[in-house]
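Next comes model-v2.pdb, with PDB, C-alpha atoms.
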ATOM      1  CA  MET P1085      14.530  22.488  -6.419
ATOM      2  CA  ASN P1086      12.386  21.702  -3.415
ATOM      3  CA  GLN P1087      12.638  18.334  -1.671
ATOM      4  CA  LEU P1088       9.654  16.886  -3.514
ATOM      5  CA  GLU P1089      11.178  17.731  -6.885
ATOM      6  CA  THR P1090      14.519  16.292  -5.801
ATOM      7  CA  LEU P1091      12.916  13.132  -4.436
ATOM      8  CA  LYS P1092      11.260  12.526  -7.807
ATOM      9  CA  GLN P1093      14.755  12.205  -9.332
ATOM     10  CA  PHE P1094      15.442   9.120  -7.186
ATOM     11  CA  THR P1095      12.040   7.635  -6.486
ATOM     12  CA  THR P1096       8.580   7.309  -8.023
ATOM     13  CA  VAL P1097       6.312   9.481  -5.874
ATOM     14  CA  VAL P1098       2.835   8.122  -5.160
ATOM     15  CA  ALA P1099      -0.068  10.043  -3.612
ATOM     16  CA  ASP P1100      -1.607   8.206  -0.651
ATOM     17  CA  THR P1101      -5.167   9.526  -0.662
ATOM     18  CA  GLY P1102      -8.738   9.021  -1.797
ATOM     19  CA  ASP P1103      -9.116  12.800  -2.099
ATOM     20  CA  PHE P1104      -8.374  13.081  -5.806
ATOM     21  CA  ARG P1105      -8.790  16.849  -5.828
ATOM     22  CA  GLN P1106      -5.567  17.085  -3.777
ATOM     23  CA  ILE P1107      -3.606  14.965  -6.216
ATOM     24  CA  GLU P1108      -3.164  17.375  -9.092
ATOM     25  CA  ALA P1109      -1.133  19.904  -7.091
ATOM     26  CA  PHE P1110       1.681  17.442  -6.399
ATOM     27  CA  GLN P1111       1.840  15.697  -9.792
ATOM     28  CA  PRO P1112       2.553  12.177  -8.490
ATOM     29  CA  THR P1113       3.114   9.301 -10.895
ATOM     30  CA  ASP P1114       0.841   6.814  -9.099
ATOM     31  CA  ALA P1115      -1.800   6.909  -6.365
ATOM     32  CA  THR P1116      -2.967   4.496  -3.692
ATOM     33  CA  THR P1117      -6.244   4.146  -1.834
ATOM     34  CA  ASN P1118      -7.496   1.928   0.973
ATOM     35  CA  PRO P1119     -10.829   1.467   2.787
ATOM     36  CA  SER P1120      -9.980   4.090   5.407
ATOM     37  CA  LEU P1121      -9.033   6.704   2.805
ATOM     38  CA  ILE P1122     -12.181   6.099   0.732
ATOM     39  CA  LEU P1123     -14.328   6.260   3.879
ATOM     40  CA  LYS P1124     -12.692   9.567   4.799
ATOM     41  CA  ALA P1125     -13.255  10.947   1.298
ATOM     42  CA  VAL P1126     -16.942  10.061   0.992
ATOM     43  CA  GLN P1127     -17.671  11.873   4.242
ATOM     44  CA  LYS P1128     -16.641  15.155   2.578
ATOM     45  CA  PRO P1129     -19.437  17.099   0.864
ATOM     46  CA  GLU P1130     -17.538  17.342  -2.418
ATOM     47  CA  TYR P1131     -17.396  13.537  -2.762
ATOM     48  CA  ARG P1132     -20.794  12.642  -1.336
ATOM     49  CA  SER P1133     -22.351  12.684  -4.802
ATOM     50  CA  LEU P1134     -20.092   9.839  -5.951
ATOM     51  CA  LEU P1135     -21.506   7.611  -3.231
ATOM     52  CA  VAL P1136     -25.109   8.701  -3.774
ATOM     53  CA  ASP P1137     -24.889   8.346  -7.555
ATOM     54  CA  THR P1138     -23.298   4.898  -7.333
ATOM     55  CA  VAL P1139     -25.957   3.626  -4.933
ATOM     56  CA  ALA P1140     -28.758   5.075  -7.079
ATOM     57  CA  GLN P1141     -27.379   3.497 -10.232
ATOM     58  CA  TYR P1142     -26.912   0.027  -8.749
ATOM     59  CA  ARG P1143     -29.593  -0.108  -6.071
ATOM     60  CA  GLY P1144     -30.781  -3.652  -5.540
ATOM     61  CA  ARG P1145     -27.403  -5.179  -6.349
ATOM     62  CA  ALA P1146     -25.338  -6.977  -3.703
ATOM     63  CA  LEU P1147     -23.691  -4.612  -1.231
ATOM     64  CA  ASP P1148     -20.205  -5.893  -2.032
ATOM     65  CA  GLU P1149     -20.748  -5.150  -5.725
ATOM     66  CA  ILE P1150     -21.891  -1.590  -4.984
ATOM     67  CA  THR P1151     -18.811  -1.128  -2.803
ATOM     68  CA  ASP P1152     -16.515  -2.316  -5.573
ATOM     69  CA  ARG P1153     -18.214  -0.028  -8.083
ATOM     70  CA  LEU P1154     -17.655   2.930  -5.718
ATOM     71  CA  LEU P1155     -13.976   2.027  -5.321
ATOM     72  CA  VAL P1156     -13.573   1.827  -9.083
ATOM     73  CA  ARG P1157     -15.391   5.160  -9.490
ATOM     74  CA  PHE P1158     -12.783   6.780  -7.240
ATOM     75  CA  GLY P1159      -9.997   4.942  -9.027
ATOM     76  CA  CYS P1160     -11.125   6.177 -12.446
ATOM     77  CA  GLU P1161     -11.287   9.763 -11.199
ATOM     78  CA  ILE P1162      -7.752   9.432  -9.842
ATOM     79  CA  LEU P1163      -6.456   7.874 -13.072
ATOM     80  CA  SER P1164      -7.720  10.879 -15.009
ATOM     81  CA  LEU P1165      -5.225  12.996 -13.030
ATOM     82  CA  ILE P1166      -2.081  10.839 -13.019
ATOM     83  CA  PRO P1167       0.055   9.185 -15.707
ATOM     84  CA  GLY P1168       0.615   5.933 -13.830
ATOM     85  CA  ARG P1169      -1.289   3.395 -11.747
ATOM     86  CA  VAL P1170      -3.883   3.417  -9.004
ATOM     87  CA  SER P1171      -4.050   0.820  -6.231
ATOM     88  CA  THR P1172      -7.511  -0.406  -5.228
ATOM     89  CA  GLU P1173      -7.939  -2.698  -2.246
ATOM     90  CA  VAL P1174      -9.828  -5.963  -1.905
ATOM     91  CA  ASP P1175     -12.138  -6.065   1.129
ATOM     92  CA  ALA P1176      -9.931  -6.763   4.171
ATOM     93  CA  ARG P1177     -12.603  -9.106   5.521
ATOM     94  CA  LEU P1178     -11.391 -11.593   2.885
ATOM     95  CA  SER P1179      -7.779 -11.498   4.120
ATOM     96  CA  PHE P1180      -7.780 -15.184   5.080
ATOM     97  CA  ASP P1181      -9.752 -16.495   2.105
ATOM     98  CA  SER P1182      -7.507 -16.937  -0.915
ATOM     99  CA  ASP P1183     -10.241 -17.963  -3.358
ATOM    100  CA  ALA P1184     -12.579 -15.129  -2.368
ATOM    101  CA  THR P1185      -9.745 -12.607  -2.620
ATOM    102  CA  PHE P1186      -8.903 -13.867  -6.108
ATOM    103  CA  THR P1187     -12.534 -13.654  -7.238
ATOM    104  CA  ARG P1188     -13.042 -10.157  -5.810
ATOM    105  CA  ALA P1189      -9.835  -8.945  -7.468
ATOM    106  CA  GLU P1190     -10.982 -10.301 -10.826
ATOM    107  CA  ARG P1191     -14.238  -8.380 -10.489
ATOM    108  CA  LEU P1192     -12.436  -5.135  -9.667
ATOM    109  CA  ILE P1193     -10.333  -5.504 -12.803
ATOM    110  CA  GLU P1194     -13.407  -6.310 -14.898
ATOM    111  CA  LEU P1195     -15.116  -3.163 -13.582
ATOM    112  CA  TYR P1196     -12.077  -1.069 -14.487
ATOM    113  CA  GLN P1197     -11.911  -2.610 -17.947
ATOM    114  CA  ALA P1198     -15.606  -1.846 -18.458
ATOM    115  CA  GLN P1199     -14.652   1.817 -17.947
ATOM    116  CA  GLY P1200     -11.937   1.562 -20.588
ATOM    117  CA  ILE P1201      -9.048   1.367 -18.119
ATOM    118  CA  HIS P1202      -6.122  -0.819 -19.209
ATOM    119  CA  ILE P1203      -5.242  -3.635 -16.846
ATOM    120  CA  ASP P1204      -1.680  -2.326 -16.433
ATOM    121  CA  ARG P1205      -2.931   0.899 -14.845
ATOM    122  CA  VAL P1206      -4.442  -0.867 -11.830
ATOM    123  CA  LEU P1207      -2.783  -2.579  -8.895
ATOM    124  CA  ILE P1208      -5.028  -4.756  -6.748
ATOM    125  CA  LYS P1209      -4.141  -4.285  -3.075
ATOM    126  CA  VAL P1210      -4.218  -7.445  -0.993
ATOM    127  CA  ALA P1211      -3.253  -7.964   2.645
ATOM    128  CA  ALA P1212       0.065  -9.819   2.916
ATOM    129  CA  THR P1213      -1.302 -12.820   4.799
ATOM    130  CA  TRP P1214      -0.282 -16.253   3.525
ATOM    131  CA  GLU P1215      -3.688 -16.560   1.874
ATOM    132  CA  GLY P1216      -3.452 -13.088   0.359
ATOM    133  CA  ILE P1217      -0.015 -13.745  -1.078
ATOM    134  CA  GLN P1218      -1.186 -17.005  -2.676
ATOM    135  CA  ALA P1219      -4.155 -15.198  -4.221
ATOM    136  CA  ALA P1220      -1.715 -12.577  -5.545
ATOM    137  CA  ARG P1221       0.450 -15.313  -7.064
ATOM    138  CA  ARG P1222      -2.550 -16.574  -9.039
ATOM    139  CA  LEU P1223      -3.557 -13.051 -10.050
ATOM    140  CA  GLU P1224      -0.073 -12.273 -11.342
ATOM    141  CA  GLN P1225      -0.142 -15.464 -13.393
ATOM    142  CA  ARG P1226      -3.333 -14.120 -14.997
ATOM    143  CA  GLY P1227      -1.689 -10.789 -15.781
ATOM    144  CA  ILE P1228      -3.437  -8.907 -12.949
ATOM    145  CA  HIS P1229      -0.838  -6.938 -11.013
ATOM    146  CA  THR P1230      -0.915  -6.714  -7.243
ATOM    147  CA  ASN P1231       0.182  -4.500  -4.377
ATOM    148  CA  LEU P1232       0.694  -6.483  -1.176
ATOM    149  CA  THR P1233      -0.193  -4.239   1.734
ATOM    150  CA  LEU P1234      -0.075  -4.401   5.533
ATOM    151  CA  LEU P1235       3.487  -5.643   5.216
ATOM    152  CA  PHE P1236       5.531  -5.380   8.417
ATOM    153  CA  SER P1237       7.789  -8.414   8.541
ATOM    154  CA  PHE P1238      10.777  -9.507   6.463
ATOM    155  CA  CYS P1239       9.238 -12.965   5.973
ATOM    156  CA  GLN P1240       6.189 -11.359   4.325
ATOM    157  CA  ALA P1241       8.496  -9.595   1.864
ATOM    158  CA  VAL P1242      10.395 -12.803   1.112
ATOM    159  CA  VAL P1243       7.234 -14.765   0.292
ATOM    160  CA  CYS P1244       5.896 -11.893  -1.814
ATOM    161  CA  GLY P1245       9.127 -12.049  -3.814
ATOM    162  CA  GLN P1246       8.744 -15.802  -4.215
ATOM    163  CA  ALA P1247       5.206 -15.213  -5.528
ATOM    164  CA  ASN P1248       6.480 -12.656  -8.090
ATOM    165  CA  VAL P1249       3.997 -10.004  -6.982
ATOM    166  CA  GLN P1250       4.311  -6.638  -8.699
ATOM    167  CA  LEU P1251       4.748  -4.455  -5.624
ATOM    168  CA  ILE P1252       4.848  -4.508  -1.828
ATOM    169  CA  SER P1253       3.972  -1.742   0.636
ATOM    170  CA  PRO P1254       5.965  -2.011   3.888
ATOM    171  CA  PHE P1255       4.402   0.291   6.496
ATOM    172  CA  VAL P1256       7.190   2.493   7.836
ATOM    173  CA  GLY P1257       5.174   4.590  10.273
ATOM    174  CA  ARG P1258       3.273   1.730  11.850
ATOM    175  CA  ILE P1259       6.513  -0.167  12.465
ATOM    176  CA  TYR P1260       7.932   2.970  14.096
ATOM    177  CA  ASP P1261       4.758   3.304  16.202
ATOM    178  CA  TRP P1262       5.086  -0.239  17.548
ATOM    179  CA  TYR P1263       8.704   0.091  18.608
ATOM    180  CA  LYS P1264       8.095   3.481  20.198
ATOM    181  CA  LYS P1265       5.111   2.183  22.163
ATOM    182  CA  SER P1266       6.984  -0.979  23.144
ATOM    183  CA  ALA P1267       9.962   0.991  24.480
ATOM    184  CA  GLY P1268       7.763   3.326  26.502
ATOM    185  CA  ALA P1269       9.694   5.745  28.688
ATOM    186  CA  ALA P1270      12.989   4.260  27.482
ATOM    187  CA  TRP P1271      12.416   5.582  23.940
ATOM    188  CA  VAL P1272      14.837   8.332  22.925
ATOM    189  CA  GLU P1273      13.508  10.003  19.788
ATOM    190  CA  ALA P1274      16.878  11.410  18.736
ATOM    191  CA  GLU P1275      18.320   7.891  18.625
ATOM    192  CA  HIS P1276      15.600   6.597  16.290
ATOM    193  CA  THR P1277      15.483   9.101  13.443
ATOM    194  CA  GLY P1278      16.620   8.872   9.824
ATOM    195  CA  ALA P1279      18.471   5.658   9.052
ATOM    196  CA  ASN P1280      18.028   4.554  12.695
ATOM    197  CA  ASP P1281      14.235   4.638  12.495
ATOM    198  CA  PRO P1282      13.005   1.012  12.822
ATOM    199  CA  GLY P1283      10.518   1.475   9.986
ATOM    200  CA  VAL P1284      13.223   2.883   7.734
ATOM    201  CA  GLN P1285      15.507  -0.011   8.690
ATOM    202  CA  SER P1286      12.823  -2.535   7.750
ATOM    203  CA  VAL P1287      12.307  -1.064   4.267
ATOM    204  CA  THR P1288      16.055  -0.730   3.754
ATOM    205  CA  GLN P1289      16.550  -4.413   4.606
ATOM    206  CA  ILE P1290      13.841  -5.478   2.149
ATOM    207  CA  PHE P1291      15.079  -3.156  -0.610
ATOM    208  CA  ASN P1292      18.669  -4.386  -0.281
ATOM    209  CA  TYR P1293      17.561  -8.032  -0.228
ATOM    210  CA  TYR P1294      15.466  -7.666  -3.372
ATOM    211  CA  LYS P1295      18.185  -5.825  -5.279
ATOM    212  CA  LYS P1296      20.911  -8.210  -4.127
ATOM    213  CA  PHE P1297      19.067 -11.249  -5.486
ATOM    214  CA  GLY P1298      17.450  -9.682  -8.544
ATOM    215  CA  ILE P1299      13.887  -9.941  -7.239
ATOM    216  CA  ALA P1300      11.741  -7.850  -9.572
ATOM    217  CA  THR P1301       9.025  -6.997  -7.043
ATOM    218  CA  GLU P1302       8.877  -3.224  -6.499
ATOM    219  CA  VAL P1303       9.299  -1.821  -2.985
ATOM    220  CA  MET P1304       7.009   1.060  -2.021
ATOM    221  CA  GLY P1305       7.492   2.522   1.443
ATOM    222  CA  ALA P1306       4.163   3.577   2.981
ATOM    223  CA  SER P1307       2.535   4.962   6.132
ATOM    224  CA  PHE P1308       4.913   7.804   6.976
ATOM    225  CA  ARG P1309       4.822   9.856  10.155
ATOM    226  CA  ASN P1310       7.282  12.596   9.153
ATOM    227  CA  ILE P1311       9.379  13.719   6.201
ATOM    228  CA  GLY P1312      12.548  12.446   7.898
ATOM    229  CA  GLN P1313      11.323   8.889   7.283
ATOM    230  CA  ILE P1314      10.712   9.763   3.642
ATOM    231  CA  THR P1315      14.073  11.418   2.979
ATOM    232  CA  ALA P1316      15.860   8.509   4.673
ATOM    233  CA  LEU P1317      14.363   6.239   1.983
ATOM    234  CA  ALA P1318      15.151   8.408  -1.054
ATOM    235  CA  GLY P1319      16.089   5.960  -3.796
ATOM    236  CA  CYS P1320      13.470   3.360  -2.840
ATOM    237  CA  ASP P1321      11.521   2.201  -5.915
ATOM    238  CA  LEU P1322       8.390   4.093  -4.852
ATOM    239  CA  LEU P1323       7.149   5.992  -1.803
ATOM    240  CA  THR P1324       3.435   6.581  -1.185
ATOM    241  CA  ILE P1325       2.959   9.823   0.712
ATOM    242  CA  SER P1326      -0.034  11.634   2.205
ATOM    243  CA  PRO P1327      -0.959  15.086   0.864
ATOM    244  CA  ASP P1328       0.129  16.760   4.133
ATOM    245  CA  LEU P1329       3.641  15.320   3.890
ATOM    246  CA  LEU P1330       3.806  15.997   0.146
ATOM    247  CA  ALA P1331       3.104  19.633   0.983
ATOM    248  CA  GLN P1332       5.901  19.676   3.582
ATOM    249  CA  LEU P1333       8.350  18.259   1.045
ATOM    250  CA  ALA P1334       7.262  20.837  -1.529
ATOM    251  CA  ASP P1335       7.821  23.626   1.016
ATOM    252  CA  SER P1336      11.357  22.509   1.936
ATOM    253  CA  LYS P1337      14.537  23.281   0.044
ATOM    254  CA  ALA P1338      16.824  21.401   2.434
ATOM    255  CA  PRO P1339      19.440  19.207   0.718
ATOM    256  CA  LEU P1340      18.288  15.709  -0.186
ATOM    257  CA  GLU P1341      20.547  12.880  -1.323
ATOM    258  CA  ARG P1342      19.934   9.308  -2.423
ATOM    259  CA  ALA P1343      19.840   6.994   0.602
ATOM    260  CA  LEU P1344      19.065   3.626  -1.038
ATOM    261  CA  ASP P1345      21.041   2.376  -4.030
ATOM    262  CA  ALA P1346      20.298  -0.794  -5.994
ATOM    263  CA  LYS P1347      23.869  -1.148  -7.299
ATOM    264  CA  ALA P1348      25.336  -0.788  -3.817
ATOM    265  CA  ALA P1349      22.902  -3.442  -2.544
ATOM    266  CA  GLN P1350      24.291  -5.959  -5.024
ATOM    267  CA  THR P1351      27.669  -5.838  -3.273
ATOM    268  CA  LEU P1352      26.259  -6.675   0.166
ATOM    269  CA  ASP P1353      26.950 -10.020   1.849
ATOM    270  CA  LEU P1354      23.403 -11.332   2.283
ATOM    271  CA  VAL P1355      21.951 -14.841   2.537
ATOM    272  CA  ARG P1356      18.970 -15.826   0.391
ATOM    273  CA  VAL P1357      16.097 -17.471   2.246
ATOM    274  CA  ASP P1358      12.879 -19.201   1.202
ATOM    275  CA  PHE P1359       9.724 -19.988   3.136
ATOM    276  CA  ASP P1360       7.058 -22.627   2.675
ATOM    277  CA  GLU P1361       3.735 -22.102   4.442
ATOM    278  CA  ALA P1362       4.824 -23.606   7.752
ATOM    279  CA  GLY P1363       8.100 -21.688   7.699
ATOM    280  CA  PHE P1364       6.315 -18.434   6.892
ATOM    281  CA  ARG P1365       3.766 -18.829   9.646
ATOM    282  CA  PHE P1366       6.461 -19.661  12.190
ATOM    283  CA  ALA P1367       8.693 -16.750  11.138
ATOM    284  CA  LEU P1368       5.769 -14.324  11.338
ATOM    285  CA  ASN P1369       4.786 -15.736  14.729
ATOM    286  CA  GLN P1370       8.330 -15.106  15.994
ATOM    287  CA  ASP P1371       8.069 -11.446  14.932
ATOM    288  CA  ALA P1372       5.850  -9.882  17.606
ATOM    289  CA  MET P1373       5.723  -6.519  15.830
ATOM    290  CA  GLY P1374       4.810  -8.045  12.467
ATOM    291  CA  THR P1375       2.162 -10.319  13.961
ATOM    292  CA  GLU P1376       0.524  -7.602  16.028
ATOM    293  CA  LYS P1377       0.549  -4.881  13.363
ATOM    294  CA  LEU P1378      -0.776  -7.193  10.630
ATOM    295  CA  ALA P1379      -3.701  -8.265  12.831
ATOM    296  CA  GLU P1380      -4.332  -4.699  13.984
ATOM    297  CA  GLY P1381      -4.247  -3.371  10.410
ATOM    298  CA  ILE P1382      -6.720  -5.944   9.139
ATOM    299  CA  ARG P1383      -9.060  -5.225  12.054
ATOM    300  CA  ALA P1384      -8.925  -1.469  11.420
ATOM    301  CA  PHE P1385      -9.633  -1.859   7.694
ATOM    302  CA  CYS P1386     -12.516  -4.224   8.490
ATOM    303  CA  VAL P1387     -14.051  -1.643  10.834
ATOM    304  CA  ASP P1388     -13.855   1.032   8.141
ATOM    305  CA  ALA P1389     -15.253  -1.357   5.524
ATOM    306  CA  GLY P1390     -18.202  -1.919   7.833
ATOM    307  CA  LYS P1391     -18.722   1.830   8.236
ATOM    308  CA  LEU P1392     -18.654   2.253   4.461
ATOM    309  CA  ASP P1393     -21.253  -0.518   4.173
ATOM    310  CA  GLN P1394     -23.526   1.388   6.544
ATOM    311  CA  MET P1395     -23.139   4.608   4.542
ATOM    312  CA  LEU P1396     -24.043   2.771   1.349
ATOM    313  CA  LEU P1397     -27.083   1.162   2.962
ATOM    314  CA  ALA P1398     -28.264   4.525   4.281
ATOM    315  CA  ALA P1399     -27.803   6.408   0.994
TER     316      ALA P1399
END
Would it be possible to restate this file's structure as structure tokens?
Amino acid sequence: MNQLETLKQFTTVVADTGDFRQIEAFQPTDATTNPSLILKAVQKPEYRSLLVDTVAQYRGRALDEITDRLLVRFGCEILSLIPGRVSTEVDARLSFDSDATFTRAERLIELYQAQGIHIDRVLIKVAATWEGIQAARRLEQRGIHTNLTLLFSFCQAVVCGQANVQLISPFVGRIYDWYKKSAGAAWVEAEHTGANDPGVQSVTQIFNYYKKFGIATEVMGASFRNIGQITALAGCDLLTISPDLLAQLADSKAPLERALDAKAAQTLDLVRVDFDEAGFRFALNQDAMGTEKLAEGIRAFCVDAGKLDQMLLAA
């Protein structure tokens, strides 16, 4: 078997793309999208008609509604190609407004249901701010499942577990990027690969903590820079992988073994922690990497959301 086939024995493989025509070749179980991926997709000629058709059908409606209908259009196309779930993201500009996030998520689900999609096949992606996590708590209580994204810090994972969210997406590659940039000339690549990669270490810590204490929230490593980061997390609940890296895994027949093990995690000597709002905000503030990457990620998604708005207005 190639590495992709082997990985699927340990981990649910998720395609990280808005380009649904690339999905079928790799046969992932789930798929994830985000504003940047959708923006990238609609700039390709083969997807332009989805944007134009959506605008034509709903012209005169509020821009945010047209955006949501476009996101759901992509999501439905993706769901026709996979057996599992698709993740669709709430506008990142609402990352610090819990009520608005909740309302927007409800509308996304209603739009999916209007297309005949069962609620269990959709994960609503929400930024893992305090406000986002509280919105996700309310959504889960309503039976709407969530994927907490832009997750960089252990305290974010802890509070997501407390909120009983369905799934979290710790960003392996962006954590790696921060530590590499911070170290500058002192960075030695060979010393920070595989299990020593700081992004891999972050996901491993979260995975072991969840399994040790029976926290049901799924862990999905995301934002990979190379297949070494992926293979070092074989055994994680899910891994969401770009088409380029999926292709590299499919082309490799190098040995691949389970790296993370839920049963082994249960034997670890770990301390359970809990955070209230003040404790969470302080812990995140003390984590320079987590604070900076969360803010940077929200800003980047907001920029791309704005660009998508302009494309919709011009169509």
*asked:* I want to know what sits within 12 Å of Thr1233 of chain P, based on all atoms listed in the file, with residues of the same chain fewer than 5 positions away left out; could you give that as a ChimeraX atom specification?
replied: /P:1116-1118,1171-1174,1176,1179,1207-1213,1216-1217,1220,1240-1241,1244,1249-1256,1303-1307,1324,1377-1378,1381-1382,1385
*asked:* So that I can check the surroundings of Ala1146 of chain P, please list as JSON, numbers by chain every protein, DNA and RNA residue that reaches within 12 Å of it, counting only C-alpha atoms and ignoring chain neighbours fewer than 6 positions away.
replied: {"P": [1139, 1152, 1153, 1393, 1396, 1397]}
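Taken over the shown file, the PyMOL selection byres ((chain P and resi 1104) around 8) identifies Thr1101, Gly1102, Asp1103, Arg1105, Gln1106, Ile1107, Glu1108, Phe1158, Glu1161, Ile1162 and Leu1165 of chain P.
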Store the residues of this selection in a file with C-alpha atoms, as an mmCIF file, keeping the file's coordinate frame.
data_model
loop_
_atom_site.group_PDB
_atom_site.id
_atom_site.type_symbol
_atom_site.label_atom_id
_atom_site.label_comp_id
_atom_site.auth_asym_id
_atom_site.auth_seq_id
_atom_site.Cartn_x
_atom_site.Cartn_y
_atom_site.Cartn_z
ATOM 1 C CA THR P 1101 -5.167 9.526 -0.662
ATOM 2 C CA GLY P 1102 -8.738 9.021 -1.797
ATOM 3 C CA ASP P 1103 -9.116 12.800 -2.099
ATOM 4 C CA ARG P 1105 -8.790 16.849 -5.828
ATOM 5 C CA GLN P 1106 -5.567 17.085 -3.777
ATOM 6 C CA ILE P 1107 -3.606 14.965 -6.216
ATOM 7 C CA GLU P 1108 -3.164 17.375 -9.092
ATOM 8 C CA PHE P 1158 -12.783 6.780 -7.240
ATOM 9 C CA GLU P 1161 -11.287 9.763 -11.199
ATOM 10 C CA ILE P 1162 -7.752 9.432 -9.842
ATOM 11 C CA LEU P 1165 -5.225 12.996 -13.030
#
*List the residues selected by the PyMOL selection byres ((chain P and resi 1111) around 12) in the file shown, writing them as a ChimeraX atom specification.*
/P:1088-1089,1092,1096-1099,1104-1110,1112-1115,1162-1168,1327,1330-1331,1334
*Could you give me, as a PyMOL selection string, the residues that sit within 12 Å of (-15.4, 8.7, 1.1) in the file's coordinates, counting only C-alpha atoms?*
chain P and resi 1101-1104+1117-1136+1151+1154-1155+1157-1158+1388-1389+1391-1393+1395-1396
*Exercise: residues within 7 Å of coordinate (-11.6, 0.2, -12.6), counting all atoms listed in the file, as a PyMOL selection string*: chain P and resi 1156-1157+1159-1160+1192-1193+1195-1197+1199+1201
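Comparing P:Ile1314, P:Val1287, P:Leu1333, P:Ala1270 by their smallest distance to Gln1087 of chain P, the closest is P:Leu1333 (using only C-alpha atoms).
Distance check against Gly1319 of chain P using all atoms listed in the file: of P:Thr1375, P:Asn1231, P:Asn1086, P:Gln1093, the minimum falls on P:Gln1093.
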With 5 Å on each side, where is the centre of the axis-aligned box around all listed atoms of segment 1278-1287 of chain P, and how long are its edges in Å to one decimal, as JSON?
{"center_x": 14.5, "center_y": 3.2, "center_z": 8.5, "size_x": 18.0, "size_y": 21.4, "size_z": 18.6}
*So, counting all atoms listed in the file, which residue among P:Phe1308, P:Glu1273, P:Tyr1293, P:Gln1218 is closest to Gly1257 of chain P?*
P:Phe1308
*Measure the distance from atom CA of Phe1180 of chain P to atom CA of Arg1205 of chain P in Å and round it to one decimal.*
26.1 Å
*Once the PyMOL selection byres ((chain P and resi 1288) around 10) has been applied to the shown file, what residues remain in the selection, as a ChimeraX atom specification?*
/P:1279,1282-1287,1289-1294,1303,1305,1316-1317,1320,1343-1345,1349
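Going from atom CA of Val1170 of chain P over to atom CA of Val1206 of chain P, you cover 5.2 Å.
Atom CA of Arg1169 of chain P is found 27.1 Å from atom CA of Glu1380 of chain P.
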*Excluding Trp1214 of chain P and any residue of its chain fewer than 4 positions from it, enumerate the residues within 12 Å of it, using only C-alpha atoms, and give them as a PyMOL selection string.*
chain P and resi 1179-1182+1185+1210+1218-1221+1232+1235+1239-1244+1246-1247+1359-1368+1378
Residue subset to file, keeping C-alpha atoms, as a PDB file, in the coordinates of the input:
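Below is the file again.pdb, written as the result:
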ATOM      1  CA  SER P1179      -7.779 -11.498   4.120  1.00  0.00           C
ATOM      2  CA  PHE P1180      -7.780 -15.184   5.080  1.00  0.00           C
ATOM      3  CA  ASP P1181      -9.752 -16.495   2.105  1.00  0.00           C
ATOM      4  CA  SER P1182      -7.507 -16.937  -0.915  1.00  0.00           C
ATOM      5  CA  THR P1185      -9.745 -12.607  -2.620  1.00  0.00           C
ATOM      6  CA  VAL P1210      -4.218  -7.445  -0.993  1.00  0.00           C
ATOM      7  CA  GLN P1218      -1.186 -17.005  -2.676  1.00  0.00           C
ATOM      8  CA  ALA P1219      -4.155 -15.198  -4.221  1.00  0.00           C
ATOM      9  CA  ALA P1220      -1.715 -12.577  -5.545  1.00  0.00           C
ATOM     10  CA  ARG P1221       0.450 -15.313  -7.064  1.00  0.00           C
ATOM     11  CA  LEU P1232       0.694  -6.483  -1.176  1.00  0.00           C
ATOM     12  CA  LEU P1235       3.487  -5.643   5.216  1.00  0.00           C
ATOM     13  CA  CYS P1239       9.238 -12.965   5.973  1.00  0.00           C
ATOM     14  CA  GLN P1240       6.189 -11.359   4.325  1.00  0.00           C
ATOM     15  CA  ALA P1241       8.496  -9.595   1.864  1.00  0.00           C
ATOM     16  CA  VAL P1242      10.395 -12.803   1.112  1.00  0.00           C
ATOM     17  CA  VAL P1243       7.234 -14.765   0.292  1.00  0.00           C
ATOM     18  CA  CYS P1244       5.896 -11.893  -1.814  1.00  0.00           C
ATOM     19  CA  GLN P1246       8.744 -15.802  -4.215  1.00  0.00           C
ATOM     20  CA  ALA P1247       5.206 -15.213  -5.528  1.00  0.00           C
ATOM     21  CA  PHE P1359       9.724 -19.988   3.136  1.00  0.00           C
ATOM     22  CA  ASP P1360       7.058 -22.627   2.675  1.00  0.00           C
ATOM     23  CA  GLU P1361       3.735 -22.102   4.442  1.00  0.00           C
ATOM     24  CA  ALA P1362       4.824 -23.606   7.752  1.00  0.00           C
ATOM     25  CA  GLY P1363       8.100 -21.688   7.699  1.00  0.00           C
ATOM     26  CA  PHE P1364       6.315 -18.434   6.892  1.00  0.00           C
ATOM     27  CA  ARG P1365       3.766 -18.829   9.646  1.00  0.00           C
ATOM     28  CA  PHE P1366       6.461 -19.661  12.190  1.00  0.00           C
ATOM     29  CA  ALA P1367       8.693 -16.750  11.138  1.00  0.00           C
ATOM     30  CA  LEU P1368       5.769 -14.324  11.338  1.00  0.00           C
ATOM     31  CA  LEU P1378      -0.776  -7.193  10.630  1.00  0.00           C
TER      32      LEU P1378
END
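With all atoms listed in the file as the atoms that count, the residue of P:Glu1376, P:Asp1328, P:Asp1137, P:Asp1335 with the shortest distance to Arg1258 of chain P is P:Glu1376.
Here the question is which of P:Arg1383, P:Arg1188, P:His1276, P:Lys1296 gets nearest to Tyr1263 of chain P using all atoms listed in the file, and that residue is P:His1276.
You can rank P:Trp1262, P:Phe1238, P:Tyr1142, P:Phe1094 by their closest distance to Leu1340 of chain P using only C-alpha atoms, and at the top of that list sits P:Phe1094.
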